[in-house]
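This is input-v4.cif (mmCIF, C-alpha atoms and all ligand atoms).
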data_work
loop_
_atom_site.label_atom_id
_atom_site.label_comp_id
_atom_site.auth_asym_id
_atom_site.auth_seq_id
_atom_site.Cartn_x
_atom_site.Cartn_y
_atom_site.Cartn_z
CA MET A 893 -18.81 15.44 69.73
CA LYS A 894 -19.95 16.88 73.11
CA GLU A 895 -22.07 14.95 75.56
CA ASP A 896 -25.18 17.06 74.82
CA GLY A 897 -25.05 15.74 71.23
CA ILE A 898 -24.60 19.12 69.61
CA LEU A 899 -21.88 19.22 66.97
CA PRO A 900 -19.60 22.21 67.64
CA VAL A 901 -19.05 24.59 64.75
CA GLU A 902 -15.26 24.06 64.94
CA ASP A 903 -15.57 20.28 64.35
CA GLU A 904 -17.74 20.79 61.28
CA THR A 905 -15.22 23.24 59.86
CA LEU A 906 -12.41 20.81 60.60
CA GLU A 907 -14.21 18.01 58.76
CA GLN A 908 -14.89 20.26 55.79
CA GLY A 909 -11.25 21.34 55.79
CA ALA A 910 -10.12 17.69 55.73
CA ALA A 911 -12.46 16.94 52.84
CA VAL A 912 -11.17 19.95 50.87
CA ALA A 913 -7.58 18.89 51.54
CA HIS A 914 -8.41 15.38 50.39
CA TYR A 915 -10.08 16.58 47.17
CA ARG A 916 -7.21 18.99 46.58
CA LYS A 917 -4.76 16.12 46.86
CA MET A 918 -6.82 14.07 44.40
CA TYR A 919 -7.01 17.02 42.00
CA ASP A 920 -3.24 17.58 42.17
CA ARG A 921 -2.56 13.92 41.44
CA THR A 922 -5.01 13.89 38.52
CA SER A 923 -3.46 17.07 37.10
CA ALA A 924 0.05 15.68 37.34
CA LEU A 925 -0.95 12.33 35.83
CA ALA A 926 -2.90 13.87 32.93
CA LYS A 927 -0.46 16.80 32.60
CA ILE A 928 -3.44 19.10 32.73
CA GLY A 929 -4.12 22.39 34.51
CA VAL A 930 -7.00 24.82 34.90
CA TRP A 931 -6.89 28.48 33.95
CA GLU A 932 -9.15 31.46 34.22
CA CYS A 933 -8.87 34.89 32.65
CA ASP A 934 -10.66 37.96 33.97
CA LEU A 935 -11.68 39.81 30.82
CA ALA A 936 -11.83 43.23 32.54
CA THR A 937 -8.27 43.13 33.95
CA GLU A 938 -6.75 40.37 31.72
CA ALA A 939 -5.36 38.88 34.95
CA LEU A 940 -4.83 35.11 34.80
CA THR A 941 -5.42 32.53 37.47
CA TRP A 942 -3.56 29.28 36.91
CA THR A 943 -3.34 26.02 38.78
CA ASP A 944 0.11 24.44 39.27
CA GLY A 945 -0.43 22.24 36.21
CA VAL A 946 -0.46 25.26 33.88
CA TYR A 947 2.64 26.80 35.48
CA ASP A 948 4.42 23.47 35.00
CA LEU A 949 3.37 23.37 31.35
CA PHE A 950 4.93 26.76 30.67
CA GLU A 951 7.85 25.99 33.03
CA LEU A 952 7.14 29.16 35.00
CA PRO A 953 7.49 29.41 38.81
CA ARG A 954 4.29 28.16 40.46
CA GLY A 955 2.10 30.92 41.90
CA SER A 956 3.91 33.81 40.15
CA ARG A 957 1.71 36.75 39.11
CA ILE A 958 0.90 36.66 35.44
CA GLU A 959 -1.12 38.64 32.99
CA ARG A 960 -2.30 37.56 29.60
CA ALA A 961 0.10 39.84 27.73
CA ASP A 962 3.06 38.18 29.50
CA ILE A 963 2.39 34.73 28.14
CA LEU A 964 1.47 35.47 24.53
CA GLU A 965 5.14 35.50 23.58
CA TYR A 966 5.36 31.78 24.42
CA TYR A 967 2.86 30.86 21.70
CA GLU A 968 3.97 29.91 18.21
CA GLU A 969 2.80 32.56 15.74
CA LYS A 970 0.34 30.51 13.67
CA SER A 971 -1.17 28.88 16.77
CA LEU A 972 -1.53 32.31 18.41
CA ARG A 973 -3.36 33.77 15.40
CA GLU A 974 -5.80 30.87 15.29
CA MET A 975 -6.36 30.96 19.06
CA GLU A 976 -7.03 34.73 19.04
CA ARG A 977 -9.57 34.30 16.25
CA LEU A 978 -11.49 31.60 18.15
CA ARG A 979 -11.25 33.56 21.41
CA ALA A 980 -12.62 36.76 19.86
CA ARG A 981 -15.55 34.88 18.34
CA ALA A 982 -16.34 33.06 21.62
CA ILE A 983 -16.28 36.39 23.52
CA ARG A 984 -18.47 38.02 20.87
CA GLU A 985 -20.99 35.21 20.47
CA GLY A 986 -20.59 33.35 23.77
CA GLY A 987 -19.77 29.65 23.95
CA SER A 988 -16.64 27.57 24.06
CA PHE A 989 -13.75 26.47 21.87
CA ALA A 990 -10.85 24.02 21.79
CA ILE A 991 -7.56 24.13 19.92
CA ASP A 992 -4.18 22.38 19.85
CA ILE A 993 -1.37 24.92 19.94
CA ARG A 994 2.40 24.97 20.00
CA ILE A 995 4.33 26.83 22.65
CA ARG A 996 7.96 27.36 23.55
CA THR A 997 8.29 27.23 27.36
CA ALA A 998 10.20 29.67 29.58
CA ASN A 999 13.11 27.15 29.44
CA GLY A 1000 12.98 27.03 25.63
CA ASN A 1001 11.29 23.60 25.26
CA ASP A 1002 8.80 23.11 22.43
CA ARG A 1003 5.45 21.65 23.49
CA TRP A 1004 2.00 20.98 22.12
CA ILE A 1005 -0.87 21.95 24.38
CA ARG A 1006 -4.56 21.24 24.03
CA LEU A 1007 -6.49 24.28 25.15
CA THR A 1008 -10.18 24.31 26.01
CA ALA A 1009 -12.04 27.50 26.86
CA ASP A 1010 -15.54 28.43 27.98
CA VAL A 1011 -16.75 32.04 28.10
CA GLU A 1012 -18.78 33.00 31.16
CA GLN A 1013 -21.32 35.77 30.86
CA GLU A 1014 -22.99 38.06 33.40
CA ASP A 1015 -25.99 40.13 32.33
CA GLY A 1016 -25.37 39.08 28.73
CA LYS A 1017 -21.79 40.34 28.79
CA ALA A 1018 -18.64 38.16 28.63
CA VAL A 1019 -16.74 38.60 31.89
CA ARG A 1020 -14.45 35.60 32.27
CA ILE A 1021 -12.98 32.71 30.36
CA PHE A 1022 -12.48 29.43 32.10
CA GLY A 1023 -10.63 26.48 30.62
CA THR A 1024 -8.00 23.76 30.73
CA LYS A 1025 -4.55 23.36 29.22
CA GLN A 1026 -3.08 19.90 28.70
CA ASP A 1027 0.31 18.73 27.50
CA VAL A 1028 -0.30 16.60 24.36
CA THR A 1029 3.28 16.70 23.03
CA ALA A 1030 3.74 12.90 23.09
CA GLU A 1031 0.47 12.34 21.21
CA LYS A 1032 1.35 14.97 18.59
CA LEU A 1033 4.86 13.61 18.05
CA ALA A 1034 3.46 10.11 17.60
CA GLN A 1035 0.95 11.49 15.06
CA GLU A 1036 3.68 13.34 13.18
CA LYS A 1037 5.85 10.21 13.12
CA LEU A 1038 2.94 8.14 11.83
CA GLN A 1039 2.23 10.68 9.09
CA THR A 1040 5.88 10.70 8.02
CA LEU A 1041 5.93 6.90 7.95
CA GLN A 1042 2.67 6.78 5.98
CA ALA A 1043 3.99 9.30 3.45
CA ARG A 1044 7.20 7.29 3.09
CA LEU A 1045 5.27 4.03 2.73
CA ILE A 1046 3.02 5.50 0.02
CA HIS A 1047 6.11 6.76 -1.80
CA VAL A 1048 7.90 3.41 -1.56
CA SER A 1049 4.89 1.36 -2.63
CA ARG A 1050 4.22 3.74 -5.53
CA SER A 1051 7.77 3.63 -6.78
CA SER A 1052 8.03 -0.13 -6.36
CA ALA A 1053 4.69 -0.58 -8.17
CA MET A 1054 6.03 1.64 -10.95
CA GLY A 1055 9.27 -0.36 -11.05
CA VAL A 1056 7.36 -3.63 -11.32
CA MET A 1057 5.11 -2.16 -14.03
CA ALA A 1058 8.07 -0.89 -16.04
CA ALA A 1059 9.80 -4.27 -15.73
CA THR A 1060 6.58 -6.07 -16.64
CA LEU A 1061 6.15 -3.94 -19.71
CA ALA A 1062 9.77 -4.38 -20.78
CA HIS A 1063 9.56 -8.12 -20.23
CA GLU A 1064 6.27 -8.69 -22.02
CA LEU A 1065 6.94 -6.35 -24.94
CA ASN A 1066 10.32 -7.93 -25.55
CA GLN A 1067 8.70 -10.96 -27.15
CA PRO A 1068 6.41 -9.35 -29.79
CA LEU A 1069 9.03 -6.70 -30.58
CA GLY A 1070 11.67 -9.41 -31.08
CA ALA A 1071 9.27 -11.33 -33.31
CA ILE A 1072 8.52 -8.18 -35.36
CA SER A 1073 12.23 -7.61 -35.87
CA ASN A 1074 12.72 -11.23 -37.02
CA TYR A 1075 9.74 -11.08 -39.40
CA VAL A 1076 10.96 -7.78 -40.86
CA ALA A 1077 14.38 -9.32 -41.56
CA GLY A 1078 12.76 -12.41 -43.13
CA THR A 1079 10.33 -10.36 -45.20
CA ARG A 1080 13.11 -8.10 -46.48
CA ARG A 1081 15.10 -11.16 -47.55
CA ALA A 1082 11.99 -12.47 -49.30
CA LEU A 1083 11.52 -9.12 -51.09
CA TYR A 1084 14.96 -9.18 -52.73
CA ASP A 1085 14.93 -12.87 -53.47
CA PRO A 1086 13.39 -13.46 -56.94
CA THR A 1087 12.73 -17.10 -56.06
CA ARG A 1088 10.41 -16.07 -53.17
CA THR A 1089 6.80 -15.44 -53.90
CA SER A 1090 4.75 -12.40 -52.98
CA GLU A 1091 2.63 -14.68 -50.74
CA LEU A 1092 5.69 -15.06 -48.51
CA VAL A 1093 6.00 -11.28 -48.21
CA ASP A 1094 2.31 -11.07 -47.50
CA TRP A 1095 2.62 -13.76 -44.82
CA GLY A 1096 5.54 -11.89 -43.22
CA LEU A 1097 3.62 -8.62 -43.17
CA LYS A 1098 0.60 -10.35 -41.65
CA ALA A 1099 2.80 -11.81 -38.88
CA ILE A 1100 4.27 -8.33 -38.24
CA GLN A 1101 0.75 -6.88 -38.00
CA GLU A 1102 -0.30 -9.62 -35.55
CA ASN A 1103 2.68 -9.04 -33.29
CA ALA A 1104 2.17 -5.27 -33.33
CA ASP A 1105 -1.48 -5.86 -32.34
CA ARG A 1106 -0.32 -8.18 -29.61
CA ALA A 1107 2.06 -5.53 -28.23
CA GLY A 1108 -0.89 -3.12 -28.16
CA GLU A 1109 -3.02 -5.69 -26.32
CA ILE A 1110 -0.28 -6.20 -23.72
CA ILE A 1111 -0.10 -2.47 -23.05
CA ARG A 1112 -3.92 -2.21 -22.83
CA SER A 1113 -4.12 -5.18 -20.51
CA LEU A 1114 -1.39 -3.79 -18.21
CA ARG A 1115 -3.04 -0.37 -18.20
CA ASN A 1116 -6.32 -2.00 -17.16
CA SER A 1117 -4.69 -3.86 -14.31
CA ALA A 1118 -2.89 -0.63 -13.22
CA ASN A 1119 -6.27 1.12 -13.22
CA GLY A 1120 -7.59 -1.64 -10.99
CA SER A 1121 -10.06 -2.66 -13.69
CA ALA A 1122 -11.39 -6.18 -13.46
CA ILE A 1123 -9.79 -8.75 -15.77
CA ARG A 1124 -11.58 -9.04 -19.11
CA THR A 1125 -12.83 -12.60 -18.97
CA GLN A 1126 -13.93 -14.52 -22.05
CA GLU A 1127 -15.13 -18.09 -22.45
CA ILE A 1128 -12.53 -19.75 -24.65
CA ASP A 1129 -11.18 -23.07 -25.86
CA PRO A 1130 -7.72 -23.10 -24.26
CA ASN A 1131 -6.03 -25.31 -26.88
CA PRO A 1132 -5.41 -22.73 -29.66
CA LEU A 1133 -4.23 -20.33 -26.96
CA ILE A 1134 -1.75 -22.92 -25.62
CA ARG A 1135 -0.42 -23.82 -29.08
CA GLU A 1136 -0.01 -20.17 -30.03
CA ALA A 1137 1.76 -19.47 -26.71
CA ALA A 1138 4.26 -22.24 -27.51
CA ALA A 1139 4.88 -20.80 -30.98
CA LEU A 1140 5.41 -17.34 -29.50
CA ALA A 1141 7.71 -18.70 -26.77
CA ARG A 1142 9.78 -20.60 -29.36
CA ALA A 1143 10.13 -17.43 -31.42
CA GLY A 1144 11.82 -15.79 -28.42
CA VAL A 1145 14.50 -18.48 -27.93
CA ASP A 1146 17.61 -19.17 -30.02
CA ARG A 1147 17.49 -22.66 -31.61
CA PRO A 1148 14.39 -23.73 -29.65
CA ALA A 1149 13.57 -27.35 -28.85
CA PRO A 1150 10.33 -28.78 -30.27
CA VAL A 1151 7.29 -28.57 -28.01
CA HIS A 1152 4.99 -31.58 -27.71
CA PHE A 1153 1.35 -31.39 -26.68
CA ARG A 1154 -1.06 -33.65 -24.85
CA LEU A 1155 -4.14 -31.49 -24.44
CA ALA A 1156 -7.59 -32.16 -23.06
CA GLU A 1157 -10.29 -31.62 -25.70
CA GLU A 1158 -13.62 -29.85 -25.48
CA VAL A 1159 -12.79 -27.75 -22.48
CA THR A 1160 -13.99 -24.19 -22.02
CA ILE A 1161 -12.36 -21.83 -19.56
CA ALA A 1162 -13.35 -18.29 -18.57
CA VAL A 1163 -10.13 -16.22 -18.56
CA ASP A 1164 -8.51 -13.05 -19.84
CA PRO A 1165 -6.87 -14.68 -22.90
CA VAL A 1166 -4.06 -12.13 -23.29
CA GLN A 1167 -3.02 -12.47 -19.67
CA ILE A 1168 -3.28 -16.27 -19.51
CA GLN A 1169 -1.35 -16.59 -22.75
CA GLN A 1170 1.32 -14.40 -21.21
CA VAL A 1171 1.65 -16.87 -18.31
CA LEU A 1172 1.96 -19.79 -20.75
CA ILE A 1173 4.56 -17.97 -22.85
CA ASN A 1174 6.60 -17.35 -19.67
CA LEU A 1175 6.39 -20.98 -18.52
CA ILE A 1176 7.15 -22.49 -21.95
CA LYS A 1177 9.97 -20.03 -22.64
CA ASN A 1178 11.53 -20.90 -19.26
CA ALA A 1179 11.25 -24.62 -20.12
CA LEU A 1180 12.85 -24.09 -23.54
CA GLU A 1181 15.68 -22.13 -21.91
CA ALA A 1182 16.11 -24.85 -19.27
CA VAL A 1183 16.65 -27.61 -21.85
CA GLN A 1184 19.10 -25.60 -23.94
CA GLY A 1185 22.57 -27.07 -23.66
CA THR A 1186 21.29 -30.44 -22.38
CA ASP A 1187 21.31 -33.74 -24.29
CA ARG A 1188 17.56 -34.30 -24.15
CA LEU A 1189 15.61 -31.44 -25.68
CA GLU A 1190 12.12 -32.24 -24.46
CA VAL A 1191 9.34 -29.86 -23.58
CA MET A 1192 5.86 -31.25 -23.11
CA VAL A 1193 2.73 -29.18 -22.57
CA SER A 1194 -0.25 -31.15 -21.28
CA SER A 1195 -3.62 -30.23 -19.85
CA ALA A 1196 -6.26 -32.01 -17.81
CA ILE A 1197 -9.32 -31.47 -15.70
CA GLU A 1198 -8.71 -32.29 -12.05
CA GLY A 1199 -12.00 -32.05 -10.11
CA ASP A 1200 -13.16 -28.48 -10.54
CA LEU A 1201 -9.75 -27.27 -11.68
CA PHE A 1202 -8.14 -27.06 -15.09
CA GLU A 1203 -4.39 -27.69 -15.10
CA ILE A 1204 -1.92 -26.79 -17.81
CA ARG A 1205 1.45 -28.44 -17.15
CA VAL A 1206 4.74 -27.51 -18.75
CA ASP A 1207 7.32 -30.29 -18.29
CA ASP A 1208 10.93 -30.10 -19.36
CA SER A 1209 13.98 -32.37 -19.33
CA GLY A 1210 16.33 -29.65 -18.10
CA PRO A 1211 18.38 -29.65 -14.89
CA GLY A 1212 15.32 -28.94 -12.70
CA ILE A 1213 14.84 -26.07 -10.28
CA ALA A 1214 18.12 -25.24 -8.53
CA PRO A 1215 17.89 -25.81 -4.73
CA ASP A 1216 18.91 -22.20 -3.98
CA MET A 1217 16.11 -20.91 -6.24
CA ALA A 1218 13.34 -23.13 -4.90
CA ASP A 1219 12.09 -20.71 -2.21
CA ARG A 1220 12.50 -17.57 -4.30
CA LEU A 1221 11.17 -18.59 -7.73
CA PHE A 1222 8.21 -16.23 -7.58
CA GLU A 1223 10.01 -13.22 -6.13
CA SER A 1224 10.41 -10.26 -8.47
CA PHE A 1225 13.88 -9.63 -9.86
CA VAL A 1226 15.25 -13.01 -8.76
CA SER A 1227 16.91 -14.85 -11.62
CA SER A 1228 19.61 -17.48 -12.04
CA LYS A 1229 20.14 -16.56 -15.70
CA PRO A 1230 22.80 -14.18 -16.95
CA GLY A 1231 20.84 -11.10 -18.04
CA GLY A 1232 17.57 -12.59 -16.68
CA MET A 1233 15.05 -10.07 -15.37
CA GLY A 1234 13.44 -12.46 -12.93
CA VAL A 1235 9.94 -11.07 -13.33
CA GLY A 1236 8.29 -13.72 -15.53
CA LEU A 1237 7.20 -16.05 -12.74
CA SER A 1238 6.17 -13.26 -10.40
CA ILE A 1239 3.95 -11.77 -13.12
CA SER A 1240 2.61 -15.24 -13.93
CA ARG A 1241 1.63 -15.90 -10.35
CA THR A 1242 -0.07 -12.48 -10.04
CA ILE A 1243 -2.10 -13.17 -13.18
CA ALA A 1244 -3.01 -16.72 -12.07
CA GLU A 1245 -4.13 -15.47 -8.66
CA ALA A 1246 -6.20 -12.69 -10.25
CA HIS A 1247 -8.06 -15.53 -12.00
CA GLY A 1248 -8.57 -17.41 -8.73
CA GLY A 1249 -5.84 -19.89 -9.68
CA ALA A 1250 -2.16 -20.52 -8.99
CA VAL A 1251 1.18 -21.43 -10.53
CA VAL A 1252 2.73 -24.49 -8.88
CA ALA A 1253 6.36 -25.49 -9.44
CA GLY A 1254 8.32 -28.63 -8.69
CA ASN A 1255 10.93 -31.07 -9.96
CA ARG A 1256 9.92 -34.29 -11.71
CA ALA A 1257 11.08 -37.68 -10.45
CA GLU A 1258 12.39 -38.53 -13.94
CA GLY A 1259 14.41 -35.26 -14.05
CA GLY A 1260 13.56 -31.76 -15.17
CA ALA A 1261 11.01 -29.29 -13.85
CA ARG A 1262 7.21 -29.08 -13.97
CA PHE A 1263 5.40 -25.76 -13.85
CA CYS A 1264 1.66 -26.05 -13.58
CA LEU A 1265 -0.91 -23.32 -14.19
CA VAL A 1266 -4.04 -24.19 -12.22
CA LEU A 1267 -7.30 -22.42 -13.06
CA PRO A 1268 -10.77 -22.82 -11.62
CA LEU A 1269 -13.35 -24.27 -13.97
CA GLY A 1270 -16.76 -22.71 -14.39
CA GLY A 1271 -19.86 -23.91 -16.26
CA ASP A 1272 -19.91 -26.91 -18.60
CA ASP A 1273 -16.32 -27.95 -19.09
CA GLY A 1274 -16.50 -31.13 -21.13
CA ASP A 1275 -15.66 -34.69 -20.15
CA GLY A 1276 -12.04 -34.07 -19.20
CA GLU A 1277 -10.64 -36.80 -21.43
CA THR A 1278 -7.10 -36.26 -22.53
CA ARG A 1279 -5.71 -37.21 -25.90
CA ALA A 1280 -2.19 -38.35 -26.55
P1 LIG A 1301 13.93 -15.18 -15.58
O1 LIG A 1301 13.49 -16.18 -16.61
O2 LIG A 1301 14.13 -13.81 -16.14
O3 LIG A 1301 15.11 -15.64 -14.76
P2 LIG A 1301 11.56 -16.03 -14.16
O4 LIG A 1301 10.73 -15.35 -13.16
O5 LIG A 1301 10.88 -16.52 -15.36
O6 LIG A 1301 12.73 -15.02 -14.56
O7 LIG A 1301 12.28 -17.26 -13.46
C1 LIG A 1301 12.99 -17.12 -12.28
C2 LIG A 1301 13.93 -18.26 -12.08
O8 LIG A 1301 13.21 -19.48 -11.90
C3 LIG A 1301 14.84 -18.54 -13.24
O9 LIG A 1301 15.95 -17.66 -13.27
C4 LIG A 1301 15.23 -19.98 -12.96
O10 LIG A 1301 16.25 -20.04 -11.98
C5 LIG A 1301 13.99 -20.57 -12.34
N1 LIG A 1301 13.21 -21.33 -13.33
C6 LIG A 1301 12.13 -20.94 -14.02
N2 LIG A 1301 11.71 -21.90 -14.85
C7 LIG A 1301 12.55 -22.96 -14.70
C8 LIG A 1301 12.64 -24.27 -15.29
N3 LIG A 1301 11.77 -24.68 -16.21
N4 LIG A 1301 13.63 -25.07 -14.87
C9 LIG A 1301 14.50 -24.66 -13.93
N5 LIG A 1301 14.49 -23.44 -13.35
C10 LIG A 1301 13.51 -22.59 -13.71
#

Go through the file and emit its structure as structure tokens.
Amino acid sequence: MKEDGILPVEDETLEQGAAVAHYRKMYDRTSALAKIGVWECDLATEALTWTDGVYDLFELPRGSRIERADILEYYEEKSLREMERLRARAIREGGSFAIDIRIRTANGNDRWIRLTADVEQEDGKAVRIFGTKQDVTAEKLAQEKLQTLQARLIHVSRSSAMGVMAATLAHELNQPLGAISNYVAGTRRALYDPTRTSELVDWGLKAIQENADRAGEIIRSLRNSANGSAIRTQEIDPNPLIREAAALARAGVDRPAPVHFRLAEEVTIAVDPVQIQQVLINLIKNALEAVQGTDRLEVMVSSAIEGDLFEIRVDDSGPGIAPDMADRLFESFVSSKPGGMGVGLSISRTIAEAHGGAVVAGNRAEGGARFCLVLPLGGDDGDGETRA
């Protein structure tokens, strides 16, 4: 500044020049960091003005003269069609648009760019388009990867759900179908045996009918759970259900051991009876299989109220849970038995949890295993006394 206090024109220009240079430097850094550039297209001449960021995106020499027609060949066909449609509408109607498009650069690299455009008008006529172009390749690749992973995950979970359902169906239907086959054989023998009465045939046919109905119920129940329908809860006395489960489990085992009961009386539980009976059949059948081949053939089913829970315990005098199975008992398709499917306990736990309960397993101090189905109690559940 001069002594007379008047700022010379040159100094002001210098200061302005420094400010412009500073802003320019900031703009360049922002562009490089965000991989973004600014473009402008003169609609009369189709001449393009690009900042360095756009040249870098297309991998073209910075500052080279370019016209719109020169760069269209870098756009992927579908992206180009869509961009031209939006551009024509914006020119016709005024306004702006944005689109993600694919390009192949001058060096042959594939990139995704996010293009924004704003049409400028003079005297109601479109004269220029101004906009930005940003490299969004990394974002798009991440999106594509995520979509592929999601599609794969959906496929895997669907096929594993289908596998579990098929195994569940095979496992659960095995029992009533086996029983039907046994009853048919018995009934046929009764038919040709003159010493057998017609009541015996009638009894056999009734048992066949019941097992066929049961198979139908199992399929219906599984279909409901596959549909995500809520479990069909009924208030029931659990004792007939438990006794019947034991009879059904015994029917599925060669030379089964007797099952003893010690059941709490006057208890009411709210459960889906078909599903809960399925759990009990699984637990009792496992216990009967565990004691086979041992000296003491003992299976005891007992029940009791514990606070606000109802427990049904299945105790056996078998070898107990093998140490290598202890952590994996409830995993699907894990079995220590030759020909075992290893789905019974996993299904049982799923059913128990759907009822707000659990299946708990452990070994008894006196030998053998204990599997306990724990269910929440609701309403008036009796006095909890047990009867030997
Ligand atoms: P699977 O009976 O087809 O093997 P489960 O899911 O019913 O399938 O049982 C898985 C495994 O749990 C069995 O193979 C067995 O090793 C173990 N297990 C189940 N019940 C008992 C039991 N009462 N005593 C000892 N081990 C048992």

Next on the checklist: If the limit is 7 Å from any atom of ligand LIG 1301 (chain A), counting only C-alpha atoms and all ligand atoms, which residues qualify? Return them as a ChimeraX atom specification.
Outcome noted: /A:1174-1175,1178-1179,1182,1208,1210-1214,1217,1221-1222,1224,1226-1229,1232-1238,1260-1263

Please save C-alpha atoms of the selected residues as a PDB file, in the coordinates of the input.
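What follows is the written file again37.pdb:
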ATOM      1  CA  ASN A1174       6.600 -17.350 -19.670  1.00  0.00           C
ATOM      2  CA  LEU A1175       6.390 -20.980 -18.520  1.00  0.00           C
ATOM      3  CA  ASN A1178      11.530 -20.900 -19.260  1.00  0.00           C
ATOM      4  CA  ALA A1179      11.250 -24.620 -20.120  1.00  0.00           C
ATOM      5  CA  ALA A1182      16.110 -24.850 -19.270  1.00  0.00           C
ATOM      6  CA  ASP A1208      10.930 -30.100 -19.360  1.00  0.00           C
ATOM      7  CA  GLY A1210      16.330 -29.650 -18.100  1.00  0.00           C
ATOM      8  CA  PRO A1211      18.380 -29.650 -14.890  1.00  0.00           C
ATOM      9  CA  GLY A1212      15.320 -28.940 -12.700  1.00  0.00           C
ATOM     10  CA  ILE A1213      14.840 -26.070 -10.280  1.00  0.00           C
ATOM     11  CA  ALA A1214      18.120 -25.240  -8.530  1.00  0.00           C
ATOM     12  CA  MET A1217      16.110 -20.910  -6.240  1.00  0.00           C
ATOM     13  CA  LEU A1221      11.170 -18.590  -7.730  1.00  0.00           C
ATOM     14  CA  PHE A1222       8.210 -16.230  -7.580  1.00  0.00           C
ATOM     15  CA  SER A1224      10.410 -10.260  -8.470  1.00  0.00           C
ATOM     16  CA  VAL A1226      15.250 -13.010  -8.760  1.00  0.00           C
ATOM     17  CA  SER A1227      16.910 -14.850 -11.620  1.00  0.00           C
ATOM     18  CA  SER A1228      19.610 -17.480 -12.040  1.00  0.00           C
ATOM     19  CA  LYS A1229      20.140 -16.560 -15.700  1.00  0.00           C
ATOM     20  CA  GLY A1232      17.570 -12.590 -16.680  1.00  0.00           C
ATOM     21  CA  MET A1233      15.050 -10.070 -15.370  1.00  0.00           C
ATOM     22  CA  GLY A1234      13.440 -12.460 -12.930  1.00  0.00           C
ATOM     23  CA  VAL A1235       9.940 -11.070 -13.330  1.00  0.00           C
ATOM     24  CA  GLY A1236       8.290 -13.720 -15.530  1.00  0.00           C
ATOM     25  CA  LEU A1237       7.200 -16.050 -12.740  1.00  0.00           C
ATOM     26  CA  SER A1238       6.170 -13.260 -10.400  1.00  0.00           C
ATOM     27  CA  GLY A1260      13.560 -31.760 -15.170  1.00  0.00           C
ATOM     28  CA  ALA A1261      11.010 -29.290 -13.850  1.00  0.00           C
ATOM     29  CA  ARG A1262       7.210 -29.080 -13.970  1.00  0.00           C
ATOM     30  CA  PHE A1263       5.400 -25.760 -13.850  1.00  0.00           C
TER      31      PHE A1263
END

Item to check | Residue with smallest distance to Leu978 (chain A) - pool A:Leu906, A:Ala1009, A:Ile995, A:Leu1069, counting all atoms listed in the file | outcome: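 Checking each of A:Leu906, A:Ala1009, A:Ile995, A:Leu1069 against Leu978 (chain A), counting all atoms listed in the file, the winner is A:Ala1009.
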
Next on the checklist: So, with all atoms listed in the file as the atoms that count, which of A:Thr1089, A:Ser988, A:Ala1149, A:Arg981 lies closest to Asp1187 (chain A)?
Outcome noted: A:Ala1149

Selection as a PDB file with C-alpha atoms, keeping the file's coordinate frame: residues within 12 Å of (0.2, -4.1, -25.3), counting all atoms listed in the file:
ATOM      1  CA  THR A1060       6.580  -6.070 -16.640  1.00  0.00           C
ATOM      2  CA  LEU A1061       6.150  -3.940 -19.710  1.00  0.00           C
ATOM      3  CA  ALA A1062       9.770  -4.380 -20.780  1.00  0.00           C
ATOM      4  CA  HIS A1063       9.560  -8.120 -20.230  1.00  0.00           C
ATOM      5  CA  GLU A1064       6.270  -8.690 -22.020  1.00  0.00           C
ATOM      6  CA  LEU A1065       6.940  -6.350 -24.940  1.00  0.00           C
ATOM      7  CA  ASN A1066      10.320  -7.930 -25.550  1.00  0.00           C
ATOM      8  CA  GLN A1067       8.700 -10.960 -27.150  1.00  0.00           C
ATOM      9  CA  PRO A1068       6.410  -9.350 -29.790  1.00  0.00           C
ATOM     10  CA  LEU A1069       9.030  -6.700 -30.580  1.00  0.00           C
ATOM     11  CA  GLU A1102      -0.300  -9.620 -35.550  1.00  0.00           C
ATOM     12  CA  ASN A1103       2.680  -9.040 -33.290  1.00  0.00           C
ATOM     13  CA  ALA A1104       2.170  -5.270 -33.330  1.00  0.00           C
ATOM     14  CA  ASP A1105      -1.480  -5.860 -32.340  1.00  0.00           C
ATOM     15  CA  ARG A1106      -0.320  -8.180 -29.610  1.00  0.00           C
ATOM     16  CA  ALA A1107       2.060  -5.530 -28.230  1.00  0.00           C
ATOM     17  CA  GLY A1108      -0.890  -3.120 -28.160  1.00  0.00           C
ATOM     18  CA  GLU A1109      -3.020  -5.690 -26.320  1.00  0.00           C
ATOM     19  CA  ILE A1110      -0.280  -6.200 -23.720  1.00  0.00           C
ATOM     20  CA  ILE A1111      -0.100  -2.470 -23.050  1.00  0.00           C
ATOM     21  CA  ARG A1112      -3.920  -2.210 -22.830  1.00  0.00           C
ATOM     22  CA  SER A1113      -4.120  -5.180 -20.510  1.00  0.00           C
ATOM     23  CA  LEU A1114      -1.390  -3.790 -18.210  1.00  0.00           C
ATOM     24  CA  ARG A1115      -3.040  -0.370 -18.200  1.00  0.00           C
ATOM     25  CA  ASN A1116      -6.320  -2.000 -17.160  1.00  0.00           C
ATOM     26  CA  VAL A1166      -4.060 -12.130 -23.290  1.00  0.00           C
ATOM     27  CA  GLN A1167      -3.020 -12.470 -19.670  1.00  0.00           C
ATOM     28  CA  GLN A1170       1.320 -14.400 -21.210  1.00  0.00           C
TER      29      GLN A1170
END

Skipping near chain neighbours, those fewer than 4 positions away, what residues fall within 8 Å of region 1243-1248 of chain A using only C-alpha atoms, listed as a compact mmCIF listing (two decimals) with C-alpha atoms, keeping the file's coordinate frame?
# COMPACT_ATOMS: atom_id res chain seq x y z
CA ILE A 1123 -9.79 -8.75 -15.77
CA VAL A 1163 -10.13 -16.22 -18.56
CA GLN A 1167 -3.02 -12.47 -19.67
CA ILE A 1168 -3.28 -16.27 -19.51
CA VAL A 1171 1.65 -16.87 -18.31
CA ILE A 1239 3.95 -11.77 -13.12
CA LEU A 1265 -0.91 -23.32 -14.19
CA VAL A 1266 -4.04 -24.19 -12.22
CA LEU A 1267 -7.30 -22.42 -13.06
CA PRO A 1268 -10.77 -22.82 -11.62
